[in-house]
$ cat work-v7.txt   # compact mmCIF, N, CA and C atoms
# COMPACT_ATOMS: atom_id res chain seq x y z
N MET B 62 57.28 4.69 48.02
CA MET B 62 57.08 5.21 49.35
C MET B 62 58.40 5.84 49.81
N SER B 63 58.31 6.98 50.43
CA SER B 63 59.51 7.67 50.91
C SER B 63 60.04 7.01 52.18
N LYS B 64 61.29 7.32 52.48
CA LYS B 64 61.91 6.75 53.68
C LYS B 64 61.18 7.21 54.94
N ARG B 65 60.85 8.48 54.99
CA ARG B 65 60.18 9.03 56.17
C ARG B 65 58.82 8.37 56.39
N LYS B 66 58.06 8.21 55.32
CA LYS B 66 56.75 7.57 55.44
C LYS B 66 56.91 6.11 55.86
N PHE B 67 57.91 5.43 55.32
CA PHE B 67 58.15 4.04 55.69
C PHE B 67 58.47 3.92 57.19
N ILE B 68 59.32 4.82 57.70
CA ILE B 68 59.69 4.77 59.11
C ILE B 68 58.48 5.07 59.99
N LEU B 69 57.70 6.07 59.64
CA LEU B 69 56.53 6.41 60.45
C LEU B 69 55.49 5.29 60.45
N LEU B 70 55.25 4.69 59.29
CA LEU B 70 54.32 3.56 59.24
C LEU B 70 54.88 2.36 59.99
N SER B 71 56.18 2.17 59.95
CA SER B 71 56.81 1.07 60.70
C SER B 71 56.61 1.26 62.20
N ILE B 72 56.76 2.49 62.66
CA ILE B 72 56.56 2.77 64.09
C ILE B 72 55.12 2.47 64.49
N LEU B 73 54.17 2.93 63.70
CA LEU B 73 52.76 2.70 64.03
C LEU B 73 52.39 1.22 63.97
N LYS B 74 52.82 0.54 62.91
CA LYS B 74 52.49 -0.89 62.78
C LYS B 74 53.16 -1.71 63.87
N THR B 75 54.41 -1.39 64.19
CA THR B 75 55.10 -2.11 65.25
C THR B 75 54.40 -1.90 66.58
N TRP B 76 54.01 -0.67 66.86
CA TRP B 76 53.30 -0.39 68.12
C TRP B 76 52.02 -1.20 68.20
N PHE B 77 51.20 -1.17 67.17
CA PHE B 77 49.89 -1.83 67.21
C PHE B 77 50.05 -3.35 67.29
N ILE B 78 50.85 -3.94 66.42
CA ILE B 78 50.99 -5.40 66.39
C ILE B 78 51.65 -5.90 67.67
N ALA B 79 52.69 -5.20 68.14
CA ALA B 79 53.36 -5.62 69.37
C ALA B 79 52.43 -5.51 70.57
N THR B 80 51.58 -4.50 70.60
CA THR B 80 50.62 -4.35 71.70
C THR B 80 49.66 -5.53 71.72
N VAL B 81 49.12 -5.88 70.56
CA VAL B 81 48.17 -7.00 70.49
C VAL B 81 48.85 -8.30 70.89
N ILE B 82 50.04 -8.57 70.34
CA ILE B 82 50.75 -9.81 70.66
C ILE B 82 51.10 -9.87 72.15
N SER B 83 51.62 -8.77 72.70
CA SER B 83 51.99 -8.76 74.11
C SER B 83 50.78 -8.92 75.01
N MET B 84 49.66 -8.33 74.64
CA MET B 84 48.43 -8.49 75.43
C MET B 84 47.97 -9.94 75.45
N VAL B 85 47.99 -10.57 74.29
CA VAL B 85 47.56 -11.97 74.21
C VAL B 85 48.49 -12.84 75.06
N ILE B 86 49.79 -12.63 74.94
CA ILE B 86 50.74 -13.41 75.74
C ILE B 86 50.54 -13.14 77.23
N LEU B 87 50.31 -11.88 77.60
CA LEU B 87 50.10 -11.55 79.01
C LEU B 87 48.82 -12.19 79.54
N ILE B 88 47.76 -12.20 78.77
CA ILE B 88 46.51 -12.84 79.20
C ILE B 88 46.73 -14.33 79.40
N ILE B 89 47.42 -14.97 78.46
CA ILE B 89 47.69 -16.40 78.59
C ILE B 89 48.56 -16.66 79.82
N TYR B 90 49.60 -15.85 80.01
CA TYR B 90 50.47 -16.02 81.17
C TYR B 90 49.71 -15.85 82.47
N MET B 91 48.83 -14.87 82.55
CA MET B 91 48.07 -14.64 83.78
C MET B 91 47.06 -15.76 84.02
N MET B 92 46.51 -16.33 82.95
CA MET B 92 45.59 -17.45 83.12
C MET B 92 46.34 -18.70 83.61
N ILE B 93 47.55 -18.92 83.09
CA ILE B 93 48.33 -20.09 83.50
C ILE B 93 48.78 -19.98 84.94
N THR B 94 49.17 -18.79 85.35
CA THR B 94 49.72 -18.60 86.70
C THR B 94 48.67 -18.19 87.73
N ALA B 95 47.41 -18.22 87.37
CA ALA B 95 46.36 -17.82 88.31
C ALA B 95 46.30 -18.81 89.48
N VAL B 96 46.16 -18.26 90.68
CA VAL B 96 46.05 -19.08 91.88
C VAL B 96 44.57 -19.24 92.21
N PRO B 97 44.07 -20.47 92.24
CA PRO B 97 42.64 -20.65 92.56
C PRO B 97 42.37 -20.31 94.03
N ARG B 98 41.30 -19.58 94.26
CA ARG B 98 40.92 -19.18 95.62
C ARG B 98 39.44 -19.48 95.82
N GLU B 99 39.11 -19.78 97.08
CA GLU B 99 37.70 -20.01 97.39
C GLU B 99 36.93 -18.70 97.39
N ASN B 100 37.50 -17.70 98.01
CA ASN B 100 36.86 -16.39 98.06
C ASN B 100 37.54 -15.49 97.04
N PRO B 101 36.82 -15.08 96.01
CA PRO B 101 37.46 -14.19 95.02
C PRO B 101 37.77 -12.83 95.64
N ARG B 102 38.87 -12.26 95.19
CA ARG B 102 39.25 -10.94 95.68
C ARG B 102 38.33 -9.88 95.11
N ASN B 103 38.18 -8.82 95.85
CA ASN B 103 37.36 -7.70 95.38
C ASN B 103 38.08 -6.87 94.34
N CYS B 104 39.40 -6.84 94.41
CA CYS B 104 40.19 -6.00 93.51
C CYS B 104 41.16 -6.89 92.74
N ASP B 105 41.10 -6.79 91.42
CA ASP B 105 42.00 -7.55 90.57
C ASP B 105 43.00 -6.57 89.97
N MET B 106 44.27 -6.81 90.18
CA MET B 106 45.31 -5.89 89.74
C MET B 106 45.78 -6.18 88.31
N SER B 107 45.10 -7.08 87.60
CA SER B 107 45.54 -7.40 86.24
C SER B 107 45.37 -6.20 85.31
N GLY B 108 44.40 -5.36 85.57
CA GLY B 108 44.21 -4.17 84.75
C GLY B 108 45.42 -3.25 84.80
N LEU B 109 46.08 -3.22 85.94
CA LEU B 109 47.29 -2.43 86.07
C LEU B 109 48.40 -2.98 85.17
N ALA B 110 48.51 -4.30 85.11
CA ALA B 110 49.52 -4.92 84.24
C ALA B 110 49.24 -4.61 82.78
N TYR B 111 47.97 -4.67 82.37
CA TYR B 111 47.62 -4.35 80.98
C TYR B 111 47.93 -2.89 80.67
N GLY B 112 47.57 -2.00 81.58
CA GLY B 112 47.85 -0.58 81.37
C GLY B 112 49.33 -0.28 81.29
N LEU B 113 50.12 -0.89 82.18
CA LEU B 113 51.57 -0.70 82.13
C LEU B 113 52.15 -1.23 80.83
N LEU B 114 51.62 -2.35 80.37
CA LEU B 114 52.12 -2.93 79.12
C LEU B 114 51.86 -2.00 77.94
N ILE B 115 50.65 -1.46 77.85
CA ILE B 115 50.32 -0.55 76.75
C ILE B 115 51.17 0.72 76.82
N ILE B 116 51.29 1.28 78.01
CA ILE B 116 52.09 2.50 78.16
C ILE B 116 53.55 2.21 77.85
N TRP B 117 54.04 1.04 78.25
CA TRP B 117 55.43 0.71 77.98
C TRP B 117 55.70 0.57 76.49
N ILE B 118 54.85 -0.15 75.78
CA ILE B 118 55.07 -0.33 74.34
C ILE B 118 54.92 1.00 73.62
N LEU B 119 54.03 1.86 74.10
CA LEU B 119 53.91 3.20 73.53
C LEU B 119 55.20 3.99 73.76
N SER B 120 55.81 3.86 74.93
CA SER B 120 57.06 4.59 75.17
C SER B 120 58.19 4.04 74.30
N LEU B 121 58.22 2.74 74.04
CA LEU B 121 59.21 2.21 73.11
C LEU B 121 59.01 2.79 71.72
N SER B 122 57.75 2.92 71.31
CA SER B 122 57.48 3.48 70.00
C SER B 122 57.86 4.95 69.94
N ILE B 123 57.65 5.66 71.02
CA ILE B 123 58.04 7.08 71.04
C ILE B 123 59.56 7.21 70.95
N THR B 124 60.29 6.35 71.67
CA THR B 124 61.75 6.43 71.58
C THR B 124 62.26 5.98 70.22
N SER B 125 61.45 5.21 69.49
CA SER B 125 61.90 4.76 68.17
C SER B 125 61.83 5.87 67.13
N PHE B 126 61.30 7.02 67.50
CA PHE B 126 61.34 8.15 66.56
C PHE B 126 62.77 8.60 66.29
N SER B 127 63.72 8.14 67.11
CA SER B 127 65.12 8.44 66.83
C SER B 127 65.58 7.80 65.52
N SER B 128 64.82 6.83 65.02
CA SER B 128 65.15 6.21 63.73
C SER B 128 65.05 7.22 62.59
N LEU B 129 64.32 8.29 62.78
CA LEU B 129 64.23 9.32 61.74
C LEU B 129 65.57 10.02 61.52
N PHE B 130 66.47 9.93 62.50
CA PHE B 130 67.81 10.49 62.30
C PHE B 130 68.52 9.82 61.13
N SER B 131 68.15 8.57 60.85
CA SER B 131 68.84 7.84 59.77
C SER B 131 68.55 8.45 58.40
N LEU B 132 67.63 9.39 58.33
CA LEU B 132 67.37 10.08 57.07
C LEU B 132 68.41 11.17 56.80
N LEU B 133 69.06 11.64 57.86
CA LEU B 133 70.05 12.70 57.69
C LEU B 133 71.34 12.13 57.13
N LYS B 134 72.05 12.96 56.40
CA LYS B 134 73.27 12.53 55.72
C LYS B 134 74.34 12.04 56.69
N ILE B 135 74.50 12.69 57.84
CA ILE B 135 75.56 12.31 58.77
C ILE B 135 75.27 10.98 59.48
N PHE B 136 74.05 10.48 59.40
CA PHE B 136 73.68 9.22 60.05
C PHE B 136 73.49 8.09 59.04
N GLN B 137 74.18 8.15 57.91
CA GLN B 137 73.96 7.17 56.85
C GLN B 137 74.78 5.89 57.00
N GLY B 138 75.80 5.84 57.87
CA GLY B 138 76.61 4.64 58.04
C GLY B 138 75.82 3.52 58.69
N LYS B 139 76.23 2.28 58.46
CA LYS B 139 75.50 1.13 59.01
C LYS B 139 75.48 1.14 60.54
N ALA B 140 76.63 1.36 61.15
CA ALA B 140 76.70 1.35 62.62
C ALA B 140 75.88 2.50 63.21
N VAL B 141 76.01 3.66 62.62
CA VAL B 141 75.28 4.82 63.14
C VAL B 141 73.77 4.64 62.92
N ARG B 142 73.38 4.06 61.80
CA ARG B 142 71.97 3.81 61.55
C ARG B 142 71.43 2.80 62.56
N TRP B 143 72.22 1.77 62.88
CA TRP B 143 71.80 0.79 63.87
C TRP B 143 71.61 1.46 65.23
N ILE B 144 72.51 2.37 65.56
CA ILE B 144 72.39 3.10 66.82
C ILE B 144 71.11 3.93 66.83
N CYS B 145 70.79 4.59 65.73
CA CYS B 145 69.57 5.41 65.64
C CYS B 145 68.32 4.56 65.82
N TRP B 146 68.32 3.34 65.29
CA TRP B 146 67.14 2.49 65.34
C TRP B 146 67.02 1.73 66.66
N PHE B 147 68.15 1.37 67.28
CA PHE B 147 68.07 0.46 68.42
C PHE B 147 68.65 0.97 69.73
N LEU B 148 69.57 1.92 69.72
CA LEU B 148 70.22 2.31 70.97
C LEU B 148 69.25 2.89 71.98
N PHE B 149 68.44 3.85 71.59
CA PHE B 149 67.51 4.46 72.53
C PHE B 149 66.46 3.48 73.04
N PRO B 150 65.86 2.65 72.17
CA PRO B 150 64.93 1.64 72.72
C PRO B 150 65.61 0.63 73.66
N ILE B 151 66.86 0.24 73.36
CA ILE B 151 67.56 -0.71 74.24
C ILE B 151 67.86 -0.06 75.59
N LEU B 152 68.30 1.19 75.59
CA LEU B 152 68.55 1.89 76.85
C LEU B 152 67.25 2.06 77.64
N THR B 153 66.17 2.37 76.95
CA THR B 153 64.88 2.52 77.61
C THR B 153 64.41 1.18 78.17
N ALA B 154 64.61 0.09 77.43
CA ALA B 154 64.23 -1.24 77.91
C ALA B 154 65.05 -1.63 79.13
N GLY B 155 66.33 -1.31 79.13
CA GLY B 155 67.16 -1.58 80.31
C GLY B 155 66.67 -0.83 81.53
N TYR B 156 66.31 0.43 81.34
CA TYR B 156 65.78 1.23 82.44
C TYR B 156 64.47 0.63 82.94
N PHE B 157 63.63 0.16 82.01
CA PHE B 157 62.35 -0.46 82.36
C PHE B 157 62.59 -1.71 83.22
N PHE B 158 63.55 -2.53 82.82
CA PHE B 158 63.82 -3.76 83.56
C PHE B 158 64.29 -3.46 84.98
N ILE B 159 65.18 -2.48 85.12
CA ILE B 159 65.66 -2.11 86.45
C ILE B 159 64.52 -1.52 87.28
N GLY B 160 63.65 -0.72 86.63
CA GLY B 160 62.54 -0.12 87.35
C GLY B 160 61.49 -1.13 87.79
N ILE B 161 61.17 -2.08 86.92
CA ILE B 161 60.16 -3.08 87.26
C ILE B 161 60.68 -4.05 88.32
N SER B 162 61.94 -4.45 88.19
CA SER B 162 62.47 -5.46 89.11
C SER B 162 63.06 -4.87 90.39
N ASP B 163 63.08 -3.55 90.51
CA ASP B 163 63.66 -2.88 91.68
C ASP B 163 65.10 -3.32 91.95
N GLY B 164 65.82 -3.61 90.88
CA GLY B 164 67.21 -4.03 91.02
C GLY B 164 67.40 -5.50 91.33
N LYS B 165 66.30 -6.24 91.58
CA LYS B 165 66.38 -7.68 91.87
C LYS B 165 65.91 -8.45 90.65
N VAL B 166 66.70 -9.41 90.23
CA VAL B 166 66.34 -10.23 89.07
C VAL B 166 65.64 -11.48 89.57
N ASP B 167 64.36 -11.61 89.22
CA ASP B 167 63.62 -12.82 89.56
C ASP B 167 62.87 -13.32 88.33
N LYS B 168 62.27 -14.48 88.46
CA LYS B 168 61.62 -15.13 87.32
C LYS B 168 60.46 -14.30 86.77
N GLU B 169 59.63 -13.78 87.65
CA GLU B 169 58.48 -13.01 87.20
C GLU B 169 58.89 -11.72 86.50
N GLY B 170 59.92 -11.07 86.99
CA GLY B 170 60.41 -9.85 86.35
C GLY B 170 60.95 -10.11 84.95
N ILE B 171 61.67 -11.21 84.81
CA ILE B 171 62.20 -11.56 83.49
C ILE B 171 61.08 -11.91 82.53
N VAL B 172 60.09 -12.66 82.99
CA VAL B 172 58.96 -13.04 82.12
C VAL B 172 58.20 -11.79 81.68
N TYR B 173 57.90 -10.89 82.61
CA TYR B 173 57.18 -9.68 82.23
C TYR B 173 58.01 -8.81 81.29
N PHE B 174 59.32 -8.75 81.53
CA PHE B 174 60.22 -8.01 80.65
C PHE B 174 60.17 -8.57 79.24
N LEU B 175 60.21 -9.89 79.10
CA LEU B 175 60.16 -10.52 77.78
C LEU B 175 58.80 -10.32 77.11
N ILE B 176 57.72 -10.42 77.89
CA ILE B 176 56.38 -10.20 77.32
C ILE B 176 56.26 -8.77 76.82
N ALA B 177 56.80 -7.82 77.54
CA ALA B 177 56.66 -6.42 77.18
C ALA B 177 57.60 -5.99 76.05
N ASN B 178 58.76 -6.60 75.94
CA ASN B 178 59.77 -6.10 75.01
C ASN B 178 60.02 -6.97 73.79
N LEU B 179 60.00 -8.26 73.94
CA LEU B 179 60.40 -9.14 72.85
C LEU B 179 59.57 -8.97 71.58
N PRO B 180 58.22 -8.95 71.65
CA PRO B 180 57.46 -8.76 70.40
C PRO B 180 57.80 -7.44 69.71
N TRP B 181 57.97 -6.38 70.49
CA TRP B 181 58.28 -5.09 69.90
C TRP B 181 59.63 -5.12 69.21
N PHE B 182 60.66 -5.65 69.87
CA PHE B 182 61.99 -5.68 69.28
C PHE B 182 62.07 -6.59 68.06
N VAL B 183 61.36 -7.70 68.07
CA VAL B 183 61.36 -8.59 66.90
C VAL B 183 60.74 -7.88 65.70
N LEU B 184 59.57 -7.27 65.90
CA LEU B 184 58.92 -6.56 64.80
C LEU B 184 59.75 -5.37 64.34
N TRP B 185 60.35 -4.66 65.26
CA TRP B 185 61.17 -3.50 64.91
C TRP B 185 62.39 -3.95 64.13
N GLY B 186 62.96 -5.10 64.49
CA GLY B 186 64.08 -5.66 63.74
C GLY B 186 63.69 -6.04 62.32
N VAL B 187 62.48 -6.56 62.16
CA VAL B 187 61.98 -6.90 60.82
C VAL B 187 61.86 -5.64 59.98
N TYR B 188 61.31 -4.58 60.55
CA TYR B 188 61.18 -3.33 59.80
C TYR B 188 62.54 -2.68 59.51
N TYR B 189 63.50 -2.84 60.41
CA TYR B 189 64.86 -2.35 60.15
C TYR B 189 65.47 -3.10 58.97
N TYR B 190 65.29 -4.41 58.94
CA TYR B 190 65.80 -5.21 57.82
C TYR B 190 65.13 -4.79 56.51
N ARG B 191 63.81 -4.60 56.54
CA ARG B 191 63.10 -4.17 55.34
C ARG B 191 63.54 -2.78 54.90
N PHE B 192 63.78 -1.90 55.86
CA PHE B 192 64.26 -0.56 55.53
C PHE B 192 65.59 -0.63 54.80
N ASN B 193 66.50 -1.45 55.32
CA ASN B 193 67.81 -1.59 54.68
C ASN B 193 67.72 -2.24 53.31
N SER B 194 66.80 -3.20 53.15
CA SER B 194 66.70 -3.85 51.84
C SER B 194 65.99 -2.97 50.81
N LEU B 195 65.05 -2.15 51.26
CA LEU B 195 64.33 -1.28 50.32
C LEU B 195 65.13 -0.04 49.94
N PHE B 196 65.84 0.52 50.89
CA PHE B 196 66.51 1.80 50.68
C PHE B 196 68.02 1.66 50.84
N LYS B 197 68.62 0.75 50.12
CA LYS B 197 70.07 0.58 50.20
C LYS B 197 70.77 1.80 49.65
N ASN B 198 71.82 2.21 50.36
CA ASN B 198 72.65 3.32 49.87
C ASN B 198 73.76 2.74 49.03
N ASN B 199 73.76 3.07 47.76
CA ASN B 199 74.79 2.55 46.86
C ASN B 199 75.95 3.51 46.77
$ encode --input "work-v7.txt" --output "structure tokens"
Amino acid sequence: MSKRKFILLSILKTWFIATVISMVILIIYMMITAVPRENPRNCDMSGLAYGLLIIWILSLSITSFSSLFSLLKIFQGKAVRWICWFLFPILTAGYFFIGISDGKVDKEGIVYFLIANLPWFVLWGVYYYRFNSLFKNN
């Protein structure tokens, strides 16, 4: 398998698996934190959270296309390759956290940030490790 194909498949697999894992965690979290009410609300905003989660993980996957820079000769160093694979997603995740929390750090913002980002970054880290082990530059 070529490096380019490996990176593209890694992006797609990371997006799909992270979306499923984050959705399951979000559903469990929303069930645990649900407030029982006598009169059910007419509008449930949980669909908005699911939609934001899917769009967010998709945007992380789109920013991970910067990992394709690691195929170029000038981006072959370990530090530069790490920057190509992780710098843009980390900057995007930081922007997401500031945007979601409106500059205020609270428990719910941190939990949603972890639900949205942690599965993606863990899987992406696994694929980065596999990329380095499969395609070592000697």
$ atom_distance --input "work-v7.txt" --atom1 "atom CA of Leu179 of chain B" --atom2 "atom CA of Leu195 of chain B"
24.2 Å
$ axis_aligned_box --input "work-v7.txt" --around "segment 157-176 of chain B" --padding-each-side "4 Å" --output "AutoDock Vina command-line options"
--center_x 61.8 --center_y -7.5 --center_z 84.4 --size_x 19.1 --size_y 23.3 --size_z 23.1
$ residues_around --input "work-v7.txt" --residues "Thr124 of chain B" --least-positions-apart "5" --cutoff "6.5 Å" --atoms "only N, CA and C atoms" --output "JSON, numbers by chain"
{"B": [119, 149, 150]}
$ residues_around --input "work-v7.txt" --residues "Ile115 of chain B" --least-positions-apart "4" --cutoff "9 Å" --atoms "only C-alpha atoms" --output "PDB file with N, CA and C atoms, in the coordinates of the input"
ATOM      1  N   THR B  80      51.580  -4.500  70.600  1.00  0.00           N
ATOM      2  CA  THR B  80      50.620  -4.350  71.700  1.00  0.00           C
ATOM      3  C   THR B  80      49.660  -5.530  71.720  1.00  0.00           C
ATOM      4  N   SER B  83      51.620  -8.770  72.700  1.00  0.00           N
ATOM      5  CA  SER B  83      51.990  -8.760  74.110  1.00  0.00           C
ATOM      6  C   SER B  83      50.780  -8.920  75.010  1.00  0.00           C
ATOM      7  N   MET B  84      49.660  -8.330  74.640  1.00  0.00           N
ATOM      8  CA  MET B  84      48.430  -8.490  75.430  1.00  0.00           C
ATOM      9  C   MET B  84      47.970  -9.940  75.450  1.00  0.00           C
ATOM     10  N   ALA B 110      48.510  -4.300  85.110  1.00  0.00           N
ATOM     11  CA  ALA B 110      49.520  -4.920  84.240  1.00  0.00           C
ATOM     12  C   ALA B 110      49.240  -4.610  82.780  1.00  0.00           C
ATOM     13  N   TYR B 111      47.970  -4.670  82.370  1.00  0.00           N
ATOM     14  CA  TYR B 111      47.620  -4.350  80.980  1.00  0.00           C
ATOM     15  C   TYR B 111      47.930  -2.890  80.670  1.00  0.00           C
ATOM     16  N   LEU B 119      54.030   1.860  74.100  1.00  0.00           N
ATOM     17  CA  LEU B 119      53.910   3.200  73.530  1.00  0.00           C
ATOM     18  C   LEU B 119      55.200   3.990  73.760  1.00  0.00           C
ATOM     19  N   SER B 120      55.810   3.860  74.930  1.00  0.00           N
ATOM     20  CA  SER B 120      57.060   4.590  75.170  1.00  0.00           C
ATOM     21  C   SER B 120      58.190   4.040  74.300  1.00  0.00           C
ATOM     22  N   ALA B 177      56.800  -7.820  77.540  1.00  0.00           N
ATOM     23  CA  ALA B 177      56.660  -6.420  77.180  1.00  0.00           C
ATOM     24  C   ALA B 177      57.600  -5.990  76.050  1.00  0.00           C
TER      25      ALA B 177
END
$ atom_distance --input "work-v7.txt" --atom1 "atom N of Tyr190 of chain B" --atom2 "atom N of Ile116 of chain B"
24.3 Å
$ closest_residue --input "work-v7.txt" --among "B:Leu132, B:Ile82, B:Ile123, B:Pro97" --to "Arg65 of chain B" --atoms "only N, CA and C atoms"
B:Leu132
$ atom_distance --input "work-v7.txt" --atom1 "atom CA of Leu69 of chain B" --atom2 "atom N of Ile161 of chain B"
28.2 Å
$ residues_around --input "work-v7.txt" --residues "Ser63 of chain B" --least-positions-apart "4" --cutoff "10 Å" --atoms "only C-alpha atoms" --output "list of chain:residue names"
B:Phe67, B:Ile68, B:Phe196
$ closest_residue --input "work-v7.txt" --among "B:Met91, B:Cys145, B:Ala154, B:Leu70" --to "Asn178 of chain B" --atoms "only N, CA and C atoms"
B:Ala154
